$ cat data-v6.cif   # mmCIF, C-alpha atoms
data_protein
loop_
_atom_site.label_atom_id
_atom_site.label_comp_id
_atom_site.auth_asym_id
_atom_site.auth_seq_id
_atom_site.Cartn_x
_atom_site.Cartn_y
_atom_site.Cartn_z
CA MET A 29 67.26 17.11 -60.20
CA ARG A 30 64.48 15.56 -58.14
CA PRO A 31 61.41 17.86 -57.76
CA VAL A 32 60.60 19.04 -54.23
CA LEU A 33 57.04 19.56 -53.03
CA VAL A 34 57.09 22.45 -50.54
CA LEU A 35 54.16 22.36 -48.11
CA ASP A 36 53.71 24.97 -45.40
CA ASN A 37 51.03 23.00 -43.58
CA GLY A 38 49.26 25.75 -41.63
CA ALA A 39 46.32 25.10 -39.32
CA HIS A 40 44.06 27.35 -41.44
CA THR A 41 45.75 27.52 -44.84
CA ILE A 42 48.17 25.23 -46.67
CA LYS A 43 50.74 27.08 -48.79
CA MET A 44 52.04 24.74 -51.48
CA GLY A 45 54.38 24.88 -54.44
CA ILE A 46 56.92 22.88 -56.44
CA SER A 47 60.66 23.47 -56.61
CA SER A 48 62.27 21.95 -59.68
CA GLY A 49 65.72 22.31 -58.13
CA GLN A 50 66.76 25.21 -60.35
CA THR A 51 67.75 28.36 -58.51
CA GLU A 52 65.50 31.27 -59.42
CA PRO A 53 66.64 34.90 -59.81
CA HIS A 54 66.89 36.85 -56.57
CA GLY A 55 63.57 38.46 -55.67
CA ILE A 56 61.47 36.10 -57.81
CA THR A 57 59.39 33.43 -56.11
CA ARG A 58 57.04 30.99 -57.73
CA SER A 59 53.47 31.71 -56.71
CA ALA A 60 52.09 29.56 -53.90
CA ARG A 61 48.84 27.70 -54.11
CA LEU A 62 46.69 28.56 -51.06
CA ILE A 63 44.42 25.74 -49.88
CA MET A 64 42.04 25.81 -46.93
CA ASN A 65 43.15 23.12 -44.47
CA ALA A 66 39.66 21.90 -43.64
CA VAL A 67 36.89 19.57 -44.69
CA VAL A 68 33.87 21.83 -45.11
CA ARG A 69 30.25 20.71 -45.17
CA SER A 70 27.42 22.89 -46.40
CA THR A 71 24.31 22.66 -44.22
CA LYS A 72 22.05 24.39 -46.75
CA GLY A 73 20.90 23.62 -50.29
CA GLU A 74 22.58 20.56 -51.75
CA LYS A 75 24.56 19.93 -48.53
CA ALA A 76 27.80 19.19 -50.34
CA THR A 77 31.16 18.39 -48.73
CA TYR A 78 34.28 20.24 -49.87
CA VAL A 79 37.73 18.81 -49.12
CA GLY A 80 40.61 21.30 -49.06
CA GLN A 81 40.92 23.04 -52.42
CA GLU A 82 37.37 22.01 -53.43
CA ILE A 83 36.04 24.94 -51.38
CA ARG A 84 36.49 27.07 -54.50
CA HIS A 85 33.41 25.33 -55.94
CA CYS A 86 31.22 26.44 -53.03
CA ARG A 87 28.61 29.07 -53.90
CA ASP A 88 26.84 29.50 -50.54
CA PHE A 89 29.18 30.19 -47.60
CA SER A 90 26.47 30.58 -44.97
CA SER A 91 26.24 28.14 -42.04
CA LEU A 92 29.24 26.08 -43.16
CA HIS A 93 30.49 23.36 -40.84
CA PHE A 94 34.29 23.11 -40.59
CA ARG A 95 36.12 19.91 -39.71
CA LEU A 96 39.67 21.02 -38.91
CA PRO A 97 42.65 18.63 -38.78
CA PHE A 98 44.32 20.97 -36.26
CA GLU A 99 43.08 21.59 -32.72
CA LYS A 100 45.00 23.85 -30.32
CA GLY A 101 47.94 23.98 -32.69
CA PHE A 102 48.46 20.24 -33.31
CA ILE A 103 47.08 17.72 -35.80
CA VAL A 104 44.47 15.64 -33.98
CA ASP A 105 42.21 14.54 -36.86
CA TRP A 106 44.46 12.55 -39.17
CA ASP A 107 41.51 11.29 -41.24
CA ALA A 108 40.65 14.86 -42.22
CA GLN A 109 44.30 15.72 -42.87
CA LYS A 110 44.74 12.60 -45.00
CA ALA A 111 41.66 13.48 -47.08
CA ILE A 112 43.16 16.90 -47.84
CA TRP A 113 46.65 15.52 -48.56
CA ASP A 114 45.22 12.78 -50.81
CA ASP A 115 44.03 15.50 -53.16
CA LEU A 116 47.47 17.19 -53.18
CA PHE A 117 50.01 14.37 -53.23
CA THR A 118 49.16 13.25 -56.77
CA PRO A 119 51.10 13.20 -60.05
CA LYS A 120 48.69 15.85 -61.39
CA ILE A 121 49.82 18.31 -58.69
CA ILE A 122 53.45 17.25 -58.20
CA GLY A 123 54.14 16.50 -61.86
CA THR A 124 55.47 13.03 -61.03
CA GLU A 125 54.80 10.12 -58.70
CA PRO A 126 55.59 10.79 -54.99
CA THR A 127 58.13 7.96 -55.15
CA SER A 128 60.24 10.18 -57.42
CA ALA A 129 59.82 13.41 -55.42
CA SER A 130 61.01 14.94 -52.16
CA LEU A 131 58.74 16.62 -49.62
CA LEU A 132 59.51 19.63 -47.43
CA ILE A 133 56.75 20.11 -44.84
CA THR A 134 56.36 22.41 -41.86
CA GLU A 135 55.15 21.27 -38.45
CA PRO A 136 53.98 23.11 -35.31
CA TYR A 137 56.40 24.40 -32.70
CA PHE A 138 56.95 21.96 -29.81
CA ASP A 139 55.33 19.19 -31.84
CA LEU A 140 54.79 16.02 -29.80
CA PRO A 141 56.97 12.96 -30.57
CA ASN A 142 53.96 10.70 -31.20
CA ILE A 143 52.56 13.18 -33.72
CA GLN A 144 55.95 13.47 -35.43
CA ASP A 145 56.05 9.69 -35.80
CA VAL A 146 52.68 9.78 -37.58
CA TYR A 147 54.05 12.43 -39.98
CA ASP A 148 56.89 10.04 -40.83
CA GLN A 149 54.53 7.10 -41.32
CA PHE A 150 52.25 9.04 -43.66
CA VAL A 151 55.12 10.40 -45.74
CA PHE A 152 56.96 7.13 -46.21
CA GLU A 153 54.37 4.38 -45.72
CA GLU A 154 51.17 5.96 -47.05
CA TYR A 155 52.49 8.24 -49.83
CA GLU A 156 55.94 6.65 -50.31
CA PHE A 157 57.90 9.84 -50.99
CA HIS A 158 61.52 9.31 -51.95
CA SER A 159 62.74 11.64 -49.17
CA TYR A 160 61.50 14.39 -46.91
CA PHE A 161 62.42 17.16 -44.51
CA ARG A 162 60.28 18.36 -41.60
CA CYS A 163 60.81 21.68 -39.82
CA THR A 164 59.07 24.60 -38.10
CA PRO A 165 58.02 27.67 -40.12
CA ALA A 166 60.38 30.08 -38.31
CA SER A 167 63.44 27.92 -39.11
CA MET A 168 62.87 28.66 -42.83
CA ILE A 169 62.78 32.45 -42.44
CA PRO A 170 66.60 32.94 -42.61
CA TYR A 171 66.55 31.45 -46.13
CA GLY A 172 63.92 33.92 -47.35
CA GLN A 173 64.06 37.66 -47.99
CA LEU A 174 62.28 39.06 -44.93
CA TYR A 175 65.49 40.49 -43.44
CA ASP A 176 67.16 41.44 -46.73
CA ARG A 177 68.79 44.86 -46.81
CA PRO A 178 70.77 46.24 -49.78
CA ASN A 179 74.55 45.76 -49.40
CA LEU A 180 74.21 44.33 -45.88
CA PRO A 181 74.88 40.75 -44.75
CA ALA A 182 72.08 38.65 -43.32
CA PRO A 183 71.68 39.16 -39.55
CA GLN A 184 72.93 36.36 -37.31
CA CYS A 185 70.47 36.99 -34.48
CA ILE A 186 66.77 37.43 -35.27
CA ILE A 187 63.37 37.21 -33.58
CA VAL A 188 60.49 35.77 -35.59
CA VAL A 189 56.99 36.62 -34.36
CA ASP A 190 54.72 34.00 -35.93
CA SER A 191 51.09 34.95 -35.27
CA GLY A 192 48.97 32.32 -36.97
CA PHE A 193 45.64 30.55 -36.64
CA SER A 194 46.08 28.82 -33.28
CA PHE A 195 48.78 30.71 -31.38
CA THR A 196 51.34 33.48 -31.54
CA HIS A 197 54.93 32.28 -31.08
CA VAL A 198 58.03 34.37 -30.42
CA VAL A 199 60.98 32.45 -31.86
CA PRO A 200 64.63 33.61 -31.52
CA LEU A 201 67.19 32.23 -33.97
CA ILE A 202 70.98 32.38 -33.67
CA ASN A 203 72.86 31.60 -36.89
CA GLY A 204 69.76 29.92 -38.29
CA SER A 205 69.18 27.67 -35.26
CA ILE A 206 66.21 28.14 -32.94
CA ALA A 207 67.07 29.01 -29.32
CA TRP A 208 64.34 26.77 -27.91
CA ASN A 209 64.86 27.83 -24.29
CA ALA A 210 63.69 31.34 -25.23
CA VAL A 211 60.72 30.42 -27.47
CA LYS A 212 57.49 31.79 -25.98
CA ARG A 213 53.85 31.15 -26.84
CA LEU A 214 50.87 33.47 -26.56
CA ASP A 215 47.54 31.60 -26.68
CA VAL A 216 45.96 34.09 -29.10
CA GLY A 217 45.62 33.48 -32.83
CA GLY A 218 43.27 34.06 -35.72
CA LYS A 219 40.80 31.40 -34.59
CA LEU A 220 40.33 32.92 -31.14
CA LEU A 221 39.90 36.42 -32.62
CA THR A 222 37.26 35.21 -35.10
CA ASN A 223 35.36 33.40 -32.34
CA HIS A 224 35.58 36.49 -30.11
CA LEU A 225 34.15 38.63 -32.91
CA LYS A 226 31.35 36.09 -33.47
CA GLU A 227 30.34 36.42 -29.83
CA LEU A 228 30.41 40.23 -29.87
CA VAL A 229 28.41 40.48 -33.09
CA SER A 230 25.89 37.86 -31.95
CA PHE A 231 25.35 39.71 -28.65
CA ARG A 232 24.99 43.18 -30.20
CA HIS A 233 23.51 42.55 -33.66
CA TYR A 234 22.57 39.30 -35.44
CA ASP A 235 23.09 35.71 -34.33
CA MET A 236 26.27 34.85 -36.24
CA MET A 237 27.60 31.97 -34.13
CA LYS A 238 27.31 29.54 -37.07
CA GLU A 239 28.71 31.97 -39.64
CA THR A 240 32.44 31.37 -39.16
CA TYR A 241 33.34 32.00 -42.80
CA ILE A 242 31.42 35.29 -43.01
CA ILE A 243 32.70 36.62 -39.67
CA ASN A 244 36.27 35.75 -40.63
CA ASP A 245 35.79 37.87 -43.75
CA VAL A 246 34.37 40.70 -41.60
CA LYS A 247 37.43 40.46 -39.34
CA GLU A 248 39.87 40.63 -42.25
CA ARG A 249 38.09 43.54 -43.95
CA CYS A 250 37.07 45.72 -40.99
CA CYS A 251 39.37 45.14 -38.02
CA TYR A 252 42.53 47.12 -37.26
CA VAL A 253 44.90 47.69 -34.34
CA SER A 254 44.31 50.94 -32.49
CA GLN A 255 47.25 53.21 -31.65
CA ASN A 256 45.29 54.78 -28.76
CA PHE A 257 42.71 52.32 -27.47
CA SER A 258 41.15 54.44 -24.70
CA ARG A 259 40.76 57.52 -26.92
CA GLU A 260 39.04 55.59 -29.73
CA LEU A 261 36.85 53.75 -27.23
CA GLY A 262 35.73 57.15 -25.90
CA ILE A 263 34.87 58.31 -29.43
CA CYS A 264 32.66 55.24 -29.93
CA ARG A 265 30.90 55.77 -26.58
CA GLU A 266 30.12 59.43 -27.25
CA ASN A 267 28.22 58.72 -30.45
CA PRO A 268 27.78 54.97 -31.07
CA THR A 269 26.05 55.33 -34.45
CA ASN A 270 27.74 58.31 -36.07
CA ASN A 271 31.50 58.54 -35.63
CA PRO A 272 34.54 58.18 -37.92
CA ILE A 273 35.24 54.64 -36.66
CA VAL A 274 31.89 53.04 -37.56
CA GLN A 275 31.95 50.91 -40.68
CA GLU A 276 29.00 49.30 -42.42
CA TYR A 277 29.51 45.75 -43.66
CA ILE A 278 26.90 44.61 -46.19
CA LEU A 279 26.18 40.97 -45.41
CA PRO A 280 26.34 38.58 -48.38
CA ASP A 281 23.25 37.36 -50.17
CA TYR A 282 24.10 34.05 -51.84
CA SER A 283 20.74 33.76 -53.59
CA ILE A 284 21.66 36.59 -56.02
CA PRO A 285 24.68 35.94 -55.57
CA ARG A 286 26.20 38.96 -53.83
CA PRO A 287 29.38 38.62 -51.70
CA GLY A 288 29.85 40.52 -48.46
CA ARG A 289 31.67 43.83 -48.60
CA VAL A 290 32.33 47.06 -46.74
CA ARG A 291 29.91 49.78 -47.77
CA LYS A 292 31.55 52.67 -49.61
CA PRO A 293 30.79 56.27 -48.53
CA ASP A 294 27.41 57.44 -49.89
CA GLU A 295 26.83 54.08 -51.60
CA PRO A 296 23.09 53.62 -52.23
CA LEU A 297 21.46 50.54 -50.71
CA ASP A 298 18.47 48.54 -51.86
CA ASP A 299 15.86 47.16 -49.48
CA SER A 300 17.32 43.64 -49.57
CA CYS A 301 20.64 44.66 -48.00
CA GLN A 302 21.35 43.62 -44.43
CA ILE A 303 23.87 45.86 -42.69
CA LEU A 304 26.27 44.83 -39.93
CA TYR A 305 27.47 47.92 -38.05
CA MET A 306 31.07 47.56 -36.91
CA ASN A 307 31.84 50.04 -34.13
CA ASN A 308 34.40 49.44 -31.36
CA GLU A 309 34.54 45.77 -32.43
CA ARG A 310 36.85 46.92 -35.20
CA PHE A 311 39.72 47.57 -32.81
CA SER A 312 38.68 45.77 -29.60
CA VAL A 313 39.07 42.32 -31.20
CA PRO A 314 42.73 42.69 -32.38
CA GLU A 315 43.46 44.42 -29.04
CA VAL A 316 43.43 40.95 -27.47
CA LEU A 317 46.84 40.33 -29.07
CA PHE A 318 48.25 43.16 -26.96
CA ARG A 319 46.02 42.75 -23.88
CA PRO A 320 44.95 39.10 -23.50
CA ASP A 321 43.65 39.88 -20.01
CA ASP A 322 40.74 41.71 -21.68
CA ILE A 323 39.14 38.29 -22.23
CA GLY A 324 40.47 36.65 -19.06
CA LEU A 325 43.72 35.15 -20.39
CA GLU A 326 46.41 35.43 -17.73
CA GLN A 327 49.21 36.09 -20.19
CA SER A 328 51.31 39.04 -21.29
CA GLY A 329 50.64 40.73 -24.62
CA VAL A 330 52.78 40.18 -27.70
CA ALA A 331 55.16 43.08 -26.92
CA ALA A 332 55.87 41.92 -23.35
CA THR A 333 56.27 38.34 -24.59
CA ILE A 334 58.94 39.47 -27.06
CA ALA A 335 60.76 41.41 -24.32
CA HIS A 336 60.65 38.37 -22.01
CA SER A 337 62.05 36.11 -24.74
CA ILE A 338 64.95 38.50 -25.45
CA SER A 339 65.75 38.80 -21.73
CA ILE A 340 66.47 35.04 -21.59
CA LEU A 341 69.03 35.22 -24.41
CA PRO A 342 72.78 35.94 -23.96
CA GLU A 343 73.15 39.51 -22.73
CA ASP A 344 75.83 40.48 -25.26
CA LEU A 345 73.50 39.47 -28.14
CA GLN A 346 70.28 41.09 -26.95
CA GLY A 347 70.84 44.33 -28.86
CA MET A 348 70.98 42.41 -32.15
CA PHE A 349 67.66 40.72 -31.38
CA TRP A 350 65.95 44.03 -30.60
CA SER A 351 66.99 45.37 -34.00
CA HIS A 352 65.89 42.31 -36.03
CA ILE A 353 62.28 41.48 -35.20
CA GLY A 354 60.32 39.93 -38.09
CA LEU A 355 56.57 39.47 -38.40
CA ILE A 356 54.99 36.48 -40.17
CA GLY A 357 51.55 34.87 -40.10
CA GLY A 358 48.06 36.04 -41.01
CA SER A 359 47.30 37.71 -37.68
CA THR A 360 50.08 40.26 -38.24
CA LYS A 361 48.23 41.65 -41.29
CA PHE A 362 45.90 43.90 -39.29
CA PRO A 363 46.43 47.55 -40.26
CA GLY A 364 48.34 49.27 -37.48
CA PHE A 365 49.78 46.04 -36.00
CA ARG A 366 53.40 46.87 -36.82
CA GLU A 367 53.14 50.50 -35.65
CA ARG A 368 51.51 49.56 -32.32
CA LEU A 369 54.04 46.80 -31.67
CA LEU A 370 56.94 49.13 -32.47
CA SER A 371 55.56 51.77 -30.10
CA GLU A 372 55.18 49.29 -27.22
CA LEU A 373 58.56 47.64 -27.81
CA ARG A 374 60.37 50.99 -27.72
CA MET A 375 58.98 51.54 -24.22
CA LEU A 376 60.22 48.09 -23.11
CA ALA A 377 63.64 48.05 -24.81
CA PRO A 378 66.82 49.29 -23.11
CA VAL A 379 67.60 52.91 -23.96
CA ASP A 380 70.78 51.96 -25.84
CA CYS A 381 69.01 49.42 -28.10
CA GLN A 382 67.51 50.24 -31.47
CA VAL A 383 64.17 48.54 -32.16
CA GLU A 384 63.48 47.60 -35.77
CA ILE A 385 60.61 45.53 -37.14
CA TYR A 386 60.63 43.76 -40.52
CA GLN A 387 57.44 42.83 -42.34
CA SER A 388 56.77 41.82 -45.92
CA SER A 389 53.68 42.67 -47.95
CA GLU A 390 52.48 39.04 -47.66
CA PRO A 391 53.44 37.75 -44.19
CA ILE A 392 51.35 34.61 -44.68
CA LEU A 393 53.80 33.46 -47.41
CA ASP A 394 57.16 34.21 -45.76
CA ALA A 395 57.71 30.71 -44.34
CA TYR A 396 56.72 29.13 -47.66
CA ARG A 397 59.11 31.38 -49.59
CA GLY A 398 61.96 30.61 -47.21
CA ALA A 399 61.24 26.87 -47.53
CA LEU A 400 61.21 27.15 -51.32
CA ALA A 401 64.60 28.89 -51.25
CA PHE A 402 65.99 26.24 -48.88
CA ALA A 403 64.77 23.45 -51.18
CA GLN A 404 66.96 24.90 -53.95
CA ARG A 405 70.14 24.94 -51.85
CA PRO A 406 72.69 22.10 -51.87
CA GLU A 407 72.36 21.54 -48.09
CA PHE A 408 68.72 20.53 -48.51
CA GLN A 409 69.75 17.20 -50.06
CA GLN A 410 72.08 16.61 -47.09
CA SER A 411 69.28 17.36 -44.60
CA VAL A 412 66.55 15.05 -45.89
CA VAL A 413 65.73 11.55 -44.68
CA THR A 414 65.32 9.05 -47.52
CA ARG A 415 62.80 6.26 -47.62
CA ALA A 416 65.63 3.73 -47.51
CA GLU A 417 66.91 5.29 -44.25
CA TYR A 418 63.40 5.19 -42.80
CA GLN A 419 62.98 1.53 -43.73
CA GLU A 420 66.21 0.75 -41.91
CA MET A 421 65.76 2.87 -38.77
CA GLY A 422 62.16 4.08 -38.67
CA SER A 423 61.43 7.49 -37.13
CA ASN A 424 64.80 7.46 -35.36
CA ALA A 425 66.34 8.41 -38.71
CA CYS A 426 64.19 11.57 -38.65
CA ARG A 427 65.02 12.34 -35.02
CA ARG A 428 68.73 12.22 -35.85
CA LYS A 429 68.56 14.57 -38.83
CA PHE A 430 65.77 17.02 -37.99
CA ARG A 431 66.76 19.65 -35.44
CA ASP A 432 64.11 19.74 -32.75
CA TRP A 433 63.17 21.20 -29.36
CA LYS A 434 63.85 17.87 -27.61
CA PRO A 435 67.35 16.72 -26.58
CA ILE A 436 68.55 13.64 -28.50
CA ASP A 437 68.82 10.42 -26.52
CA GLU A 438 71.61 8.53 -28.26
CA GLU A 439 70.65 5.22 -26.63
CA SER A 440 67.13 5.34 -28.05
CA MET A 441 68.59 5.78 -31.53
CA LYS A 442 69.94 2.23 -31.51
CA THR A 443 66.79 0.51 -32.71
CA LYS A 444 65.54 -2.14 -35.02
CA PRO A 445 64.09 -1.68 -38.50
CA VAL A 446 60.44 -0.61 -38.68
CA GLY A 447 57.94 0.28 -41.38
CA ARG A 448 56.16 -1.69 -44.02
CA GLY A 449 58.95 -1.43 -46.54
#
$ encode --input "data-v6.cif" --output "structure tokens"
Amino acid sequence: MRPVLVLDNGAHTIKMGISSGQTEPHGITRSARLIMNAVVRSTKGEKATYVGQEIRHCRDFSSLHFRLPFEKGFIVDWDAQKAIWDDLFTPKIIGTEPTSASLLITEPYFDLPNIQDVYDQFVFEEYEFHSYFRCTPASMIPYGQLYDRPNLPAPQCIIVVDSGFSFTHVVPLINGSIAWNAVKRLDVGGKLLTNHLKELVSFRHYDMMKETYIINDVKERCCYVSQNFSRELGICRENPTNNPIVQEYILPDYSIPRPGRVRKPDEPLDDSCQILYMNNERFSVPEVLFRPDDIGLEQSGVAATIAHSISILPEDLQGMFWSHIGLIGGSTKFPGFRERLLSELRMLAPVDCQVEIYQSSEPILDAYRGALAFAQRPEFQQSVVTRAEYQEMGSNACRRKFRDWKPIDEESMKTKPVGRG
């Protein structure tokens, strides 16, 4: 069977793996390769440039300059994206030539038609894959194991909360199909939170505005979602330097080399250590997901956005959506995120509805795992567009087969052949 390259093309991290077409035992998933979706240039020392997976060779992560293919959730720098893909779409990675392989790739929600056309051109004209399938991350979740319960059928109505690098999307699915009229977007993601933390730290401590990589590590290691924001804020105000919330982050020293880390209790320090004191920043940064108005965004928080999305759906199905809410994406990994969201949703849900939230141990991989499972199913081969179909009809072949947020205009489908052949 033809190998399938599965590529969850995230704005921050690419999750990639190969499906050989053989169904794997339930509960076992081939490990994904995680690749930074950026072209990174070092501004110190040898001033090297690292493309995608080459970042693993970097030894000094201070003052790195990031060139990101994605901006505000969409691919805008195709030269950077091509440079990263060039290193991945090779026989060494795939195990065969792209002409003998299929590609399953994810795209952003509400992707623009012109951008989708460029996807098609790259896949078939630049890399010459035999066939491919393009979809959103949430549409792959029903094929994964996020909602699995012993001895129970898969739910027909689910809500997927995808909180990633650029945005947080609330995506309802009915029988595996996205209800696009009820999809909602919150303009808060991992990038905004990292930038917000950079500003707070630079104002209160050291100038860290150029240290995106280091501050992102600080965010992932130190930040958490508070269950009682006002109470914990009061604790920090009473004694700013000595309270149970304060954490000491030892900044990295790449000349030794010594990576950054959270200081352990009573850990001795040498004179060379620089300490970043994390006080109310630990919980005030993730709080933006629940209260975007804290930084001037005129939007509802994630809990109210979920409630609004469910209210648009058919009334007789709303109870099923309340009881099947799944969390995916890196920004849902904050400790306390699930508990805080559950607490707020219970206050918003109707009294006769049970609220239940599903989350895996690795929410960043859920879409990839669902896509890998879909690639092993018989219907995958019926869903792909082949290169021969693209040569005959161009991107209209993709518009016909790939379910999308836009209504299909049958007249526009009657077109002439395009493509280089």
$ residues_near_point --input "data-v6.cif" --point "(67.6, 21.6, -51.4)" --cutoff "10 Å" --atoms "all atoms listed in the file" --output "JSON, numbers by chain"
{"A": [29, 30, 31, 32, 47, 48, 49, 50, 51, 130, 132, 161, 399, 400, 401, 402, 403, 404, 405, 406, 407, 408, 409, 410, 411, 412]}
$ closest_atom_pairs --input "data-v6.cif" --of "segment 136-218 of chain A" --to "segment 309-314 of chain A" --cutoff "12 Å" --atoms "only C-alpha atoms" --output "Markdown table"
| residue | atom | partner | partner_atom | distance |
| --- | --- | --- | --- | --- |
| A:Ser191 | CA | A:Pro314 | CA | 11.8 |
| A:Val216 | CA | A:Pro314 | CA | 9.8 |
| A:Gly217 | CA | A:Pro314 | CA | 9.7 |
| A:Gly218 | CA | A:Pro314 | CA | 9.3 |
$ resolve_selection --input "data-v6.cif" --expression "the PyMOL selection byres ((chain A and resi 169-171) around 12)" --output "ChimeraX atom specification"
/A:54,134,163-168,172-176,181-190,199-206,352-357,386-388,391-405,407-408
$ resolve_selection --input "data-v6.cif" --expression "the PyMOL selection byres ((chain A and resi 250) around 12)" --output "JSON, numbers by chain"
{"A": [225, 243, 244, 245, 246, 247, 248, 249, 251, 252, 253, 273, 274, 275, 276, 277, 278, 288, 289, 290, 291, 304, 305, 306, 307, 308, 309, 310, 311, 312, 313, 314, 361, 362, 363]}
$ axis_aligned_box --input "data-v6.cif" --around "segment 277-291 of chain A" --padding-each-side "6 Å" --output "AutoDock Vina command-line options"
--center_x 26.5 --center_y 41.8 --center_z -49.8 --size_x 23.6 --size_y 28.0 --size_z 24.4
$ closest_residue --input "data-v6.cif" --among "A:Ser423, A:Asn267, A:Gln255, A:Ser194" --to "Arg213 of chain A" --atoms "all atoms listed in the file"
A:Ser194
$ resolve_selection --input "data-v6.cif" --expression "the PyMOL selection byres ((chain A and resi 302) around 9)" --output "PDB file with C-alpha atoms, in the coordinates of the input"
ATOM      1  CA  TYR A 277      29.510  45.750 -43.660  1.00  0.00           C
ATOM      2  CA  ILE A 278      26.900  44.610 -46.190  1.00  0.00           C
ATOM      3  CA  LEU A 279      26.180  40.970 -45.410  1.00  0.00           C
ATOM      4  CA  PRO A 280      26.340  38.580 -48.380  1.00  0.00           C
ATOM      5  CA  ASP A 281      23.250  37.360 -50.170  1.00  0.00           C
ATOM      6  CA  ASP A 299      15.860  47.160 -49.480  1.00  0.00           C
ATOM      7  CA  SER A 300      17.320  43.640 -49.570  1.00  0.00           C
ATOM      8  CA  CYS A 301      20.640  44.660 -48.000  1.00  0.00           C
ATOM      9  CA  ILE A 303      23.870  45.860 -42.690  1.00  0.00           C
ATOM     10  CA  LEU A 304      26.270  44.830 -39.930  1.00  0.00           C
TER      11      LEU A 304
END
$ residues_around --input "data-v6.cif" --residues "Asp432 of chain A" --least-positions-apart "6" --cutoff "12 Å" --atoms "only C-alpha atoms" --output "VMD selection string"
chain A and resid 135 to 141 144 162 to 164 167 205 to 209 426
$ closest_residue --input "data-v6.cif" --among "A:Ala332, A:Ala416, A:Met64, A:Leu376" --to "Asp36 of chain A" --atoms "all atoms listed in the file"
A:Met64
$ atom_distance --input "data-v6.cif" --atom1 "atom CA of Glu390 of chain A" --atom2 "atom CA of Leu33 of chain A"
20.7 Å
$ closest_residue --input "data-v6.cif" --among "A:Tyr241, A:Phe152, A:Phe318, A:Trp106" --to "Ser70 of chain A" --atoms "all atoms listed in the file"
A:Tyr241
$ residues_near_point --input "data-v6.cif" --point "(55.5, 30.2, -28.7)" --cutoff "7 Å" --atoms "all atoms listed in the file" --output "number ranges by chain"
A: 196-199, 211-214
$ atom_distance --input "data-v6.cif" --atom1 "atom CA of Val79 of chain A" --atom2 "atom CA of Tyr418 of chain A"
29.7 Å
$ build_atoms --input "data-v6.cif" --residues "segment 67-76 of chain A" --atoms "N, CA, C and O atoms" --output "compact mmCIF listing (two decimals), in the coordinates of the input"
# COMPACT_ATOMS: atom_id res chain seq x y z
N VAL A 67 37.97 20.25 -43.97
CA VAL A 67 36.89 19.57 -44.69
C VAL A 67 35.61 20.32 -44.34
O VAL A 67 35.23 20.39 -43.17
N VAL A 68 34.98 20.92 -45.33
CA VAL A 68 33.87 21.83 -45.11
C VAL A 68 32.58 21.20 -45.62
O VAL A 68 32.53 20.69 -46.74
N ARG A 69 31.55 21.26 -44.78
CA ARG A 69 30.25 20.71 -45.17
C ARG A 69 29.21 21.82 -45.18
O ARG A 69 29.07 22.57 -44.22
N SER A 70 28.51 21.92 -46.29
CA SER A 70 27.42 22.89 -46.40
C SER A 70 26.17 22.33 -45.75
O SER A 70 25.79 21.18 -46.01
N THR A 71 25.52 23.13 -44.91
CA THR A 71 24.31 22.66 -44.22
C THR A 71 23.04 23.17 -44.89
O THR A 71 21.94 22.95 -44.40
N LYS A 72 23.20 23.87 -46.02
CA LYS A 72 22.05 24.39 -46.75
C LYS A 72 22.09 23.88 -48.19
O LYS A 72 23.13 23.45 -48.69
N GLY A 73 20.96 23.98 -48.87
CA GLY A 73 20.90 23.62 -50.29
C GLY A 73 21.23 22.16 -50.52
O GLY A 73 20.65 21.25 -49.93
N GLU A 74 22.25 21.93 -51.37
CA GLU A 74 22.58 20.56 -51.75
C GLU A 74 23.40 19.83 -50.70
O GLU A 74 23.66 18.63 -50.83
N LYS A 75 23.81 20.52 -49.64
CA LYS A 75 24.56 19.93 -48.53
C LYS A 75 25.78 19.15 -49.01
O LYS A 75 25.97 17.97 -48.67
N ALA A 76 26.60 19.82 -49.79
CA ALA A 76 27.80 19.19 -50.34
C ALA A 76 28.94 19.24 -49.33
O ALA A 76 28.93 20.02 -48.37
